[in-house]
>>> print(open('query_6.pdb').read())   # PDB, C-alpha atoms, pLDDT in the B column
ATOM      1  CA  MET Q 797       0.000   0.000   0.000  1.00 72.00           C
ATOM      2  CA  ARG Q 798       1.297   3.442  -0.939  1.00 80.00           C
ATOM      3  CA  ILE Q 799       1.164   6.519   1.295  1.00 81.00           C
ATOM      4  CA  LYS Q 800      -0.844   9.128  -0.589  1.00 84.00           C
ATOM      5  CA  SER Q 801      -0.580  11.940   1.964  1.00 84.00           C
ATOM      6  CA  GLN Q 802       2.601  12.025   4.034  1.00 86.00           C
ATOM      7  CA  LYS Q 803       1.377  14.751   6.394  1.00 88.00           C
ATOM      8  CA  ASP Q 804      -1.823  12.929   7.255  1.00 89.00           C
ATOM      9  CA  PHE Q 805      -0.095   9.561   7.536  1.00 91.00           C
ATOM     10  CA  TYR Q 806       2.539  10.685  10.022  1.00 91.00           C
ATOM     11  CA  ALA Q 807       0.056  12.848  11.939  1.00 93.00           C
ATOM     12  CA  GLY Q 808      -2.207   9.809  12.289  1.00 95.00           C
ATOM     13  CA  VAL Q 809       0.667   7.628  13.454  1.00 95.00           C
ATOM     14  CA  LEU Q 810       1.620  10.234  16.081  1.00 96.00           C
ATOM     15  CA  PHE Q 811      -1.994  10.543  17.243  1.00 96.00           C
ATOM     16  CA  SER Q 812      -2.230   6.775  17.587  1.00 97.00           C
ATOM     17  CA  ALA Q 813       1.073   6.521  19.453  1.00 97.00           C
ATOM     18  CA  PHE Q 814       0.143   9.272  21.912  1.00 96.00           C
ATOM     19  CA  GLY Q 815      -3.345   7.838  22.376  1.00 96.00           C
ATOM     20  CA  VAL Q 816      -2.018   4.363  23.148  1.00 97.00           C
ATOM     21  CA  ALA Q 817       0.607   5.767  25.531  1.00 96.00           C
ATOM     22  CA  PHE Q 818      -2.018   7.906  27.282  1.00 93.00           C
ATOM     23  CA  ALA Q 819      -4.435   4.965  27.618  1.00 93.00           C
ATOM     24  CA  TRP Q 820      -1.672   2.674  28.819  1.00 94.00           C
ATOM     25  CA  GLY Q 821      -0.626   5.214  31.453  1.00 92.00           C
ATOM     26  CA  ALA Q 822      -4.238   5.506  32.610  1.00 90.00           C
ATOM     27  CA  THR Q 823      -4.367   1.798  33.419  1.00 88.00           C
ATOM     28  CA  SER Q 824      -2.057   2.374  36.385  1.00 90.00           C
ATOM     29  CA  TYR Q 825      -5.005   4.125  38.076  1.00 88.00           C
ATOM     30  CA  THR Q 826      -8.264   2.563  39.173  1.00 85.00           C
ATOM     31  CA  VAL Q 827     -10.469   2.589  36.086  1.00 81.00           C
ATOM     32  CA  GLY Q 828     -13.815   1.505  37.521  1.00 83.00           C
ATOM     33  CA  ASN Q 829     -16.836   1.298  35.216  1.00 81.00           C
ATOM     34  CA  ALA Q 830     -19.366   3.651  33.646  1.00 79.00           C
ATOM     35  CA  ALA Q 831     -21.520   3.692  36.789  1.00 84.00           C
ATOM     36  CA  ARG Q 832     -18.624   4.215  39.229  1.00 84.00           C
ATOM     37  CA  MET Q 833     -15.795   5.910  37.362  1.00 83.00           C
ATOM     38  CA  GLY Q 834     -12.340   5.782  38.875  1.00 85.00           C
ATOM     39  CA  PRO Q 835      -9.557   8.317  38.340  1.00 86.00           C
ATOM     40  CA  GLY Q 836      -8.261   6.351  35.347  1.00 86.00           C
ATOM     41  CA  TYR Q 837     -11.584   6.059  33.511  1.00 89.00           C
ATOM     42  CA  PHE Q 838     -11.610   9.401  31.690  1.00 90.00           C
ATOM     43  CA  PRO Q 839      -7.906   9.334  30.656  1.00 91.00           C
ATOM     44  CA  LEU Q 840      -8.355   5.775  29.386  1.00 92.00           C
ATOM     45  CA  ILE Q 841     -11.387   6.693  27.274  1.00 94.00           C
ATOM     46  CA  VAL Q 842      -9.698   9.830  25.909  1.00 95.00           C
ATOM     47  CA  GLY Q 843      -6.543   7.861  25.070  1.00 95.00           C
ATOM     48  CA  VAL Q 844      -8.520   5.188  23.237  1.00 96.00           C
ATOM     49  CA  LEU Q 845     -10.503   7.821  21.304  1.00 97.00           C
ATOM     50  CA  ILE Q 846      -7.289   9.625  20.297  1.00 97.00           C
ATOM     51  CA  ALA Q 847      -5.759   6.328  19.142  1.00 97.00           C
ATOM     52  CA  ILE Q 848      -8.866   5.514  17.087  1.00 97.00           C
ATOM     53  CA  LEU Q 849      -8.842   9.012  15.565  1.00 97.00           C
ATOM     54  CA  GLY Q 850      -5.169   8.524  14.662  1.00 97.00           C
ATOM     55  CA  ALA Q 851      -5.916   5.183  13.027  1.00 96.00           C
ATOM     56  CA  LEU Q 852      -8.722   6.747  10.975  1.00 96.00           C
ATOM     57  CA  ILE Q 853      -6.450   9.596   9.854  1.00 94.00           C
ATOM     58  CA  THR Q 854      -3.724   7.105   8.924  1.00 94.00           C
ATOM     59  CA  LEU Q 855      -6.133   4.984   6.892  1.00 93.00           C
ATOM     60  CA  GLN Q 856      -7.495   8.094   5.164  1.00 92.00           C
ATOM     61  CA  ALA Q 857      -3.923   9.029   4.197  1.00 89.00           C
ATOM     62  CA  LEU Q 858      -3.552   5.641   2.513  1.00 88.00           C
ATOM     63  CA  ARG Q 859      -6.844   5.945   0.608  1.00 86.00           C
ATOM     64  CA  GLN Q 860      -7.260   9.562  -0.467  1.00 82.00           C
ATOM     65  CA  GLU Q 861      -5.040  10.720  -3.301  1.00 77.00           C
ATOM     66  CA  THR Q 862      -3.434  14.168  -3.078  1.00 75.00           C
ATOM     67  CA  PRO Q 863      -1.914  15.964  -6.077  1.00 75.00           C
ATOM     68  CA  ASP Q 864       1.681  16.067  -4.855  1.00 74.00           C
ATOM     69  CA  GLY Q 865       1.599  13.471  -2.080  1.00 68.00           C
ATOM     70  CA  ASP Q 866       1.373  16.249   0.521  1.00 71.00           C
ATOM     71  CA  PRO Q 867       5.048  15.985   1.520  1.00 77.00           C
ATOM     72  CA  ILE Q 868       6.302  16.957   4.956  1.00 79.00           C
ATOM     73  CA  GLY Q 869       8.225  20.223   4.889  1.00 78.00           C
ATOM     74  CA  ALA Q 870      11.168  21.369   6.940  1.00 84.00           C
ATOM     75  CA  ILE Q 871      10.910  21.426  10.724  1.00 85.00           C
ATOM     76  CA  ALA Q 872       9.956  24.871  12.058  1.00 89.00           C
ATOM     77  CA  TRP Q 873      12.715  25.124  14.672  1.00 93.00           C
ATOM     78  CA  LYS Q 874      11.944  28.616  15.951  1.00 95.00           C
ATOM     79  CA  PRO Q 875       8.347  27.882  17.055  1.00 94.00           C
ATOM     80  CA  LEU Q 876       9.374  24.481  18.388  1.00 95.00           C
ATOM     81  CA  VAL Q 877      12.124  25.927  20.592  1.00 96.00           C
ATOM     82  CA  PHE Q 878      10.052  28.867  21.850  1.00 96.00           C
ATOM     83  CA  ILE Q 879       6.947  26.813  22.681  1.00 97.00           C
ATOM     84  CA  ILE Q 880       8.864  24.077  24.497  1.00 97.00           C
ATOM     85  CA  GLY Q 881      11.034  26.702  26.193  1.00 97.00           C
ATOM     86  CA  ALA Q 882       7.970  28.660  27.319  1.00 97.00           C
ATOM     87  CA  ASN Q 883       6.534  25.563  28.991  1.00 97.00           C
ATOM     88  CA  LEU Q 884       9.833  24.754  30.702  1.00 96.00           C
ATOM     89  CA  VAL Q 885      10.179  28.323  31.959  1.00 96.00           C
ATOM     90  CA  PHE Q 886       6.564  28.200  33.201  1.00 96.00           C
ATOM     91  CA  GLY Q 887       7.295  25.082  35.263  1.00 94.00           C
ATOM     92  CA  VAL Q 888      10.500  26.489  36.702  1.00 94.00           C
ATOM     93  CA  LEU Q 889       8.930  29.835  37.592  1.00 93.00           C
ATOM     94  CA  LEU Q 890       5.804  28.268  39.056  1.00 91.00           C
ATOM     95  CA  ALA Q 891       7.552  25.892  41.456  1.00 88.00           C
ATOM     96  CA  GLY Q 892      11.151  27.093  41.448  1.00 87.00           C
ATOM     97  CA  LEU Q 893      14.288  24.976  41.407  1.00 90.00           C
ATOM     98  CA  PRO Q 894      15.580  24.857  44.991  1.00 87.00           C
ATOM     99  CA  SER Q 895      18.610  22.757  44.006  1.00 90.00           C
ATOM    100  CA  PHE Q 896      19.773  25.654  41.788  1.00 90.00           C
ATOM    101  CA  GLY Q 897      18.668  28.371  44.191  1.00 86.00           C
ATOM    102  CA  ILE Q 898      15.764  29.553  42.002  1.00 86.00           C
ATOM    103  CA  PRO Q 899      12.771  30.457  44.195  1.00 88.00           C
ATOM    104  CA  ALA Q 900       9.155  29.862  43.230  1.00 87.00           C
ATOM    105  CA  MET Q 901       7.877  32.949  41.433  1.00 91.00           C
ATOM    106  CA  GLY Q 902       4.229  31.883  41.475  1.00 90.00           C
ATOM    107  CA  LEU Q 903       1.411  31.532  39.008  1.00 93.00           C
ATOM    108  CA  ILE Q 904       1.076  35.164  37.931  1.00 94.00           C
ATOM    109  CA  VAL Q 905       4.748  35.674  37.018  1.00 94.00           C
ATOM    110  CA  ALA Q 906       4.875  32.246  35.359  1.00 96.00           C
ATOM    111  CA  ILE Q 907       1.841  33.026  33.176  1.00 97.00           C
ATOM    112  CA  TYR Q 908       3.278  36.362  32.047  1.00 97.00           C
ATOM    113  CA  ALA Q 909       6.598  34.681  31.167  1.00 97.00           C
ATOM    114  CA  LEU Q 910       4.856  31.824  29.367  1.00 97.00           C
ATOM    115  CA  THR Q 911       2.742  34.203  27.296  1.00 97.00           C
ATOM    116  CA  VAL Q 912       5.626  36.470  26.304  1.00 97.00           C
ATOM    117  CA  ILE Q 913       8.009  33.624  25.413  1.00 97.00           C
ATOM    118  CA  ALA Q 914       5.373  31.635  23.498  1.00 97.00           C
ATOM    119  CA  SER Q 915       4.336  34.732  21.522  1.00 96.00           C
ATOM    120  CA  LEU Q 916       7.934  35.109  20.319  1.00 95.00           C
ATOM    121  CA  ALA Q 917       7.399  31.906  18.312  1.00 94.00           C
ATOM    122  CA  GLY Q 918       5.219  33.725  15.798  1.00 90.00           C
ATOM    123  CA  ASP Q 919       6.207  35.867  12.855  1.00 89.00           C
ATOM    124  CA  SER Q 920       5.159  39.133  14.499  1.00 91.00           C
ATOM    125  CA  PHE Q 921       5.239  40.342  18.094  1.00 91.00           C
ATOM    126  CA  ASN Q 922       2.918  43.025  19.435  1.00 93.00           C
ATOM    127  CA  PHE Q 923       3.741  43.787  23.072  1.00 94.00           C
ATOM    128  CA  LYS Q 924       0.409  45.478  23.790  1.00 96.00           C
ATOM    129  CA  SER Q 925      -1.688  42.506  22.645  1.00 96.00           C
ATOM    130  CA  VAL Q 926       0.625  40.071  24.446  1.00 96.00           C
ATOM    131  CA  ALA Q 927       0.304  42.078  27.670  1.00 96.00           C
ATOM    132  CA  VAL Q 928      -3.493  42.118  27.376  1.00 97.00           C
ATOM    133  CA  LEU Q 929      -3.568  38.366  26.705  1.00 96.00           C
ATOM    134  CA  ALA Q 930      -1.235  37.642  29.636  1.00 97.00           C
ATOM    135  CA  THR Q 931      -3.374  39.774  31.948  1.00 97.00           C
ATOM    136  CA  VAL Q 932      -6.572  38.025  30.904  1.00 97.00           C
ATOM    137  CA  LEU Q 933      -4.917  34.612  31.343  1.00 96.00           C
ATOM    138  CA  ALA Q 934      -3.505  35.563  34.740  1.00 95.00           C
ATOM    139  CA  ILE Q 935      -6.843  36.850  36.036  1.00 95.00           C
ATOM    140  CA  GLY Q 936      -8.699  33.838  34.644  1.00 95.00           C
ATOM    141  CA  SER Q 937      -6.184  31.382  36.077  1.00 93.00           C
ATOM    142  CA  TYR Q 938      -6.281  33.085  39.464  1.00 93.00           C
ATOM    143  CA  GLY Q 939     -10.064  32.926  39.458  1.00 93.00           C
ATOM    144  CA  ALA Q 940     -10.174  29.302  38.355  1.00 92.00           C
ATOM    145  CA  PHE Q 941      -7.369  27.798  40.417  1.00 88.00           C
ATOM    146  CA  GLU Q 942      -7.252  29.932  43.550  1.00 88.00           C
ATOM    147  CA  MET Q 943     -10.811  31.123  44.042  1.00 88.00           C
ATOM    148  CA  ALA Q 944     -12.932  28.379  42.439  1.00 90.00           C
ATOM    149  CA  LEU Q 945     -10.845  25.224  42.915  1.00 89.00           C
ATOM    150  CA  LYS Q 946      -8.948  26.373  46.023  1.00 86.00           C
ATOM    151  CA  LEU Q 947      -5.718  24.694  44.870  1.00 85.00           C
ATOM    152  CA  ASN Q 948      -2.621  25.131  46.985  1.00 83.00           C
ATOM    153  CA  PHE Q 949       0.274  26.387  44.931  1.00 81.00           C
ATOM    154  CA  PRO Q 950       2.112  29.692  44.956  1.00 85.00           C
ATOM    155  CA  ILE Q 951       0.289  32.589  43.310  1.00 87.00           C
ATOM    156  CA  TRP Q 952       2.896  35.293  43.959  1.00 86.00           C
ATOM    157  CA  PRO Q 953       6.694  35.115  44.301  1.00 87.00           C
ATOM    158  CA  THR Q 954       7.863  33.636  47.599  1.00 77.00           C
ATOM    159  CA  PHE Q 955       9.611  36.855  48.634  1.00 77.00           C
ATOM    160  CA  ILE Q 956       6.311  38.807  48.293  1.00 78.00           C
ATOM    161  CA  ALA Q 957       3.856  36.312  49.771  1.00 62.00           C
TER
END
>>> encode(input="query_6.pdb", output="structure tokens")
Amino acid sequence: MRIKSQKDFYAGVLFSAFGVAFAWGATSYTVGNAARMGPGYFPLIVGVLIAILGALITLQALRQETPDGDPIGAIAWKPLVFIIGANLVFGVLLAGLPSFGIPAMGLIVAIYALTVIASLAGDSFNFKSVAVLATVLAIGSYGAFEMALKLNFPIWPTFIA
């Protein structure tokens, strides 16, 4: 069988791989059943659905002809580095790295850093719109995690709170 759309084929394979890994990881929790769902029930179902979606996309890539085979282009390194870096910086700023002497800066600072760094991945950067987005995300996250869910993690830097 010939691959008729490279992009769809490899996207489907990745979806299936992540879905299977997610479902497999969920089996380490109590799954339960539909009437009494355990903590692993929802991740298991989502993982299975993602794997099925990936299989359907992969099969579609083998069936549907595209004019040029829809080849995979070059890897976009700049967005890849900035998006992964933004998430790493978010984690470090949120919880800190005590072994390196980096204190926890809290949720608000981490969200602003995440938003600014991730927005550098694009082709254009508008500081005003990024600042507005970061503010909306910070307020929404504070409302959701601190006020509504009452989760215990640092909101402000440790030297302020």
>>> resolve_selection(input="query_6.pdb", expression="the PyMOL selection byres ((chain Q and resi 814) around 12)", output="MDAnalysis selection string")
chainID Q and resid 807:813 815:821 839:840 842:851
>>> resolve_selection(input="query_6.pdb", expression="the PyMOL selection byres ((chain Q and resi 927) around 12)", output="compact mmCIF listing (two decimals) with C-alpha atoms, in the frame of the given file")
# COMPACT_ATOMS: atom_id res chain seq x y z
CA ILE Q 907 1.84 33.03 33.18
CA TYR Q 908 3.28 36.36 32.05
CA ALA Q 909 6.60 34.68 31.17
CA LEU Q 910 4.86 31.82 29.37
CA THR Q 911 2.74 34.20 27.30
CA VAL Q 912 5.63 36.47 26.30
CA ILE Q 913 8.01 33.62 25.41
CA SER Q 915 4.34 34.73 21.52
CA PHE Q 921 5.24 40.34 18.09
CA ASN Q 922 2.92 43.02 19.43
CA PHE Q 923 3.74 43.79 23.07
CA LYS Q 924 0.41 45.48 23.79
CA SER Q 925 -1.69 42.51 22.64
CA VAL Q 926 0.62 40.07 24.45
CA VAL Q 928 -3.49 42.12 27.38
CA LEU Q 929 -3.57 38.37 26.70
CA ALA Q 930 -1.24 37.64 29.64
CA THR Q 931 -3.37 39.77 31.95
CA VAL Q 932 -6.57 38.02 30.90
CA LEU Q 933 -4.92 34.61 31.34
CA ALA Q 934 -3.50 35.56 34.74
>>> closest_residue(input="query_6.pdb", among="Q:Ile951, Q:Ile841, Q:Ile935, Q:Ala914", to="Ala822 in chain Q", atoms="only C-alpha atoms")
Q:Ile841
>>> closest_residue(input="query_6.pdb", among="Q:Tyr806, Q:Leu916, Q:Ala830, Q:Pro863", to="Leu876 in chain Q", atoms="only C-alpha atoms")
Q:Leu916
>>> atom_distance(input="query_6.pdb", atom1="CA of Gly936 in chain Q", atom2="CA of Pro950 in chain Q")
15.5 Å
>>> axis_aligned_box(input="query_6.pdb", around="range 914-927 of chain Q", padding_each_side="3 Å", output="AutoDock Vina command-line options")
--center_x 3.1 --center_y 38.6 --center_z 20.3 --size_x 15.6 --size_y 19.8 --size_z 20.8
>>> closest_residue(input="query_6.pdb", among="Q:Ile799, Q:Ile879, Q:Asn948, Q:Val885", to="Val905 in chain Q", atoms="only C-alpha atoms")
Q:Val885
>>> atom_distance(input="query_6.pdb", atom1="CA of Ser920 in chain Q", atom2="CA of Asn883 in chain Q")
19.9 Å
>>> decode(input="query_6.pdb", residues="range 922-947 of chain Q", atoms="N, CA, C and O atoms", output="PDB file, in the first residue's frame")
ATOM      1  N   ASN Q 922       3.541  41.774  19.046  1.00  0.00           N
ATOM      2  CA  ASN Q 922       2.918  43.025  19.435  1.00  0.00           C
ATOM      3  C   ASN Q 922       2.813  43.029  20.954  1.00  0.00           C
ATOM      4  O   ASN Q 922       1.994  42.316  21.532  1.00  0.00           O
ATOM      5  N   PHE Q 923       3.653  43.824  21.616  1.00  0.00           N
ATOM      6  CA  PHE Q 923       3.741  43.787  23.072  1.00  0.00           C
ATOM      7  C   PHE Q 923       2.411  44.119  23.731  1.00  0.00           C
ATOM      8  O   PHE Q 923       2.042  43.511  24.737  1.00  0.00           O
ATOM      9  N   LYS Q 924       1.677  45.072  23.179  1.00  0.00           N
ATOM     10  CA  LYS Q 924       0.409  45.478  23.790  1.00  0.00           C
ATOM     11  C   LYS Q 924      -0.588  44.322  23.812  1.00  0.00           C
ATOM     12  O   LYS Q 924      -1.207  44.040  24.841  1.00  0.00           O
ATOM     13  N   SER Q 925      -0.745  43.625  22.688  1.00  0.00           N
ATOM     14  CA  SER Q 925      -1.688  42.506  22.645  1.00  0.00           C
ATOM     15  C   SER Q 925      -1.216  41.343  23.517  1.00  0.00           C
ATOM     16  O   SER Q 925      -2.036  40.654  24.144  1.00  0.00           O
ATOM     17  N   VAL Q 926       0.091  41.135  23.586  1.00  0.00           N
ATOM     18  CA  VAL Q 926       0.625  40.071  24.446  1.00  0.00           C
ATOM     19  C   VAL Q 926       0.375  40.401  25.911  1.00  0.00           C
ATOM     20  O   VAL Q 926      -0.005  39.534  26.702  1.00  0.00           O
ATOM     21  N   ALA Q 927       0.547  41.661  26.282  1.00  0.00           N
ATOM     22  CA  ALA Q 927       0.304  42.078  27.670  1.00  0.00           C
ATOM     23  C   ALA Q 927      -1.168  41.928  28.035  1.00  0.00           C
ATOM     24  O   ALA Q 927      -1.498  41.472  29.141  1.00  0.00           O
ATOM     25  N   VAL Q 928      -2.054  42.275  27.118  1.00  0.00           N
ATOM     26  CA  VAL Q 928      -3.493  42.118  27.376  1.00  0.00           C
ATOM     27  C   VAL Q 928      -3.835  40.632  27.528  1.00  0.00           C
ATOM     28  O   VAL Q 928      -4.550  40.239  28.457  1.00  0.00           O
ATOM     29  N   LEU Q 929      -3.317  39.800  26.634  1.00  0.00           N
ATOM     30  CA  LEU Q 929      -3.568  38.366  26.705  1.00  0.00           C
ATOM     31  C   LEU Q 929      -3.042  37.781  28.012  1.00  0.00           C
ATOM     32  O   LEU Q 929      -3.727  37.008  28.687  1.00  0.00           O
ATOM     33  N   ALA Q 930      -1.823  38.150  28.398  1.00  0.00           N
ATOM     34  CA  ALA Q 930      -1.235  37.642  29.636  1.00  0.00           C
ATOM     35  C   ALA Q 930      -2.054  38.065  30.845  1.00  0.00           C
ATOM     36  O   ALA Q 930      -2.257  37.281  31.782  1.00  0.00           O
ATOM     37  N   THR Q 931      -2.557  39.291  30.835  1.00  0.00           N
ATOM     38  CA  THR Q 931      -3.374  39.774  31.948  1.00  0.00           C
ATOM     39  C   THR Q 931      -4.685  39.007  32.045  1.00  0.00           C
ATOM     40  O   THR Q 931      -5.096  38.591  33.137  1.00  0.00           O
ATOM     41  N   VAL Q 932      -5.322  38.786  30.913  1.00  0.00           N
ATOM     42  CA  VAL Q 932      -6.572  38.025  30.904  1.00  0.00           C
ATOM     43  C   VAL Q 932      -6.323  36.591  31.384  1.00  0.00           C
ATOM     44  O   VAL Q 932      -7.090  36.050  32.197  1.00  0.00           O
ATOM     45  N   LEU Q 933      -5.249  35.966  30.906  1.00  0.00           N
ATOM     46  CA  LEU Q 933      -4.917  34.612  31.343  1.00  0.00           C
ATOM     47  C   LEU Q 933      -4.593  34.559  32.825  1.00  0.00           C
ATOM     48  O   LEU Q 933      -4.990  33.623  33.528  1.00  0.00           O
ATOM     49  N   ALA Q 934      -3.864  35.536  33.321  1.00  0.00           N
ATOM     50  CA  ALA Q 934      -3.505  35.563  34.740  1.00  0.00           C
ATOM     51  C   ALA Q 934      -4.737  35.719  35.620  1.00  0.00           C
ATOM     52  O   ALA Q 934      -4.903  35.010  36.620  1.00  0.00           O
ATOM     53  N   ILE Q 935      -5.611  36.638  35.258  1.00  0.00           N
ATOM     54  CA  ILE Q 935      -6.843  36.850  36.036  1.00  0.00           C
ATOM     55  C   ILE Q 935      -7.729  35.609  35.973  1.00  0.00           C
ATOM     56  O   ILE Q 935      -8.264  35.152  36.996  1.00  0.00           O
ATOM     57  N   GLY Q 936      -7.888  35.043  34.791  1.00  0.00           N
ATOM     58  CA  GLY Q 936      -8.699  33.838  34.644  1.00  0.00           C
ATOM     59  C   GLY Q 936      -8.129  32.658  35.407  1.00  0.00           C
ATOM     60  O   GLY Q 936      -8.865  31.899  36.057  1.00  0.00           O
ATOM     61  N   SER Q 937      -6.816  32.485  35.356  1.00  0.00           N
ATOM     62  CA  SER Q 937      -6.184  31.382  36.077  1.00  0.00           C
ATOM     63  C   SER Q 937      -6.299  31.572  37.582  1.00  0.00           C
ATOM     64  O   SER Q 937      -6.546  30.621  38.323  1.00  0.00           O
ATOM     65  N   TYR Q 938      -6.134  32.804  38.039  1.00  0.00           N
ATOM     66  CA  TYR Q 938      -6.281  33.085  39.464  1.00  0.00           C
ATOM     67  C   TYR Q 938      -7.711  32.770  39.908  1.00  0.00           C
ATOM     68  O   TYR Q 938      -7.922  32.121  40.936  1.00  0.00           O
ATOM     69  N   GLY Q 939      -8.665  33.200  39.122  1.00  0.00           N
ATOM     70  CA  GLY Q 939     -10.064  32.926  39.458  1.00  0.00           C
ATOM     71  C   GLY Q 939     -10.378  31.440  39.459  1.00  0.00           C
ATOM     72  O   GLY Q 939     -11.063  30.934  40.355  1.00  0.00           O
ATOM     73  N   ALA Q 940      -9.867  30.726  38.471  1.00  0.00           N
ATOM     74  CA  ALA Q 940     -10.174  29.302  38.355  1.00  0.00           C
ATOM     75  C   ALA Q 940      -9.453  28.468  39.414  1.00  0.00           C
ATOM     76  O   ALA Q 940     -10.075  27.649  40.097  1.00  0.00           O
ATOM     77  N   PHE Q 941      -8.154  28.685  39.562  1.00  0.00           N
ATOM     78  CA  PHE Q 941      -7.369  27.798  40.417  1.00  0.00           C
ATOM     79  C   PHE Q 941      -7.369  28.206  41.887  1.00  0.00           C
ATOM     80  O   PHE Q 941      -7.388  27.348  42.768  1.00  0.00           O
ATOM     81  N   GLU Q 942      -7.312  29.481  42.166  1.00  0.00           N
ATOM     82  CA  GLU Q 942      -7.252  29.932  43.550  1.00  0.00           C
ATOM     83  C   GLU Q 942      -8.644  30.109  44.148  1.00  0.00           C
ATOM     84  O   GLU Q 942      -8.927  29.614  45.235  1.00  0.00           O
ATOM     85  N   MET Q 943      -9.504  30.810  43.463  1.00  0.00           N
ATOM     86  CA  MET Q 943     -10.811  31.123  44.042  1.00  0.00           C
ATOM     87  C   MET Q 943     -11.811  29.975  43.878  1.00  0.00           C
ATOM     88  O   MET Q 943     -12.486  29.607  44.831  1.00  0.00           O
ATOM     89  N   ALA Q 944     -11.923  29.411  42.683  1.00  0.00           N
ATOM     90  CA  ALA Q 944     -12.932  28.379  42.439  1.00  0.00           C
ATOM     91  C   ALA Q 944     -12.496  27.000  42.937  1.00  0.00           C
ATOM     92  O   ALA Q 944     -13.234  26.335  43.660  1.00  0.00           O
ATOM     93  N   LEU Q 945     -11.296  26.566  42.560  1.00  0.00           N
ATOM     94  CA  LEU Q 945     -10.845  25.224  42.915  1.00  0.00           C
ATOM     95  C   LEU Q 945     -10.100  25.157  44.239  1.00  0.00           C
ATOM     96  O   LEU Q 945      -9.871  24.068  44.767  1.00  0.00           O
ATOM     97  N   LYS Q 946      -9.670  26.288  44.747  1.00  0.00           N
ATOM     98  CA  LYS Q 946      -8.948  26.373  46.023  1.00  0.00           C
ATOM     99  C   LYS Q 946      -7.705  25.474  46.045  1.00  0.00           C
ATOM    100  O   LYS Q 946      -7.455  24.765  47.017  1.00  0.00           O
ATOM    101  N   LEU Q 947      -6.941  25.487  44.955  1.00  0.00           N
ATOM    102  CA  LEU Q 947      -5.718  24.694  44.870  1.00  0.00           C
ATOM    103  C   LEU Q 947      -4.594  25.392  45.624  1.00  0.00           C
ATOM    104  O   LEU Q 947      -4.505  26.618  45.638  1.00  0.00           O
TER     105      LEU Q 947
END
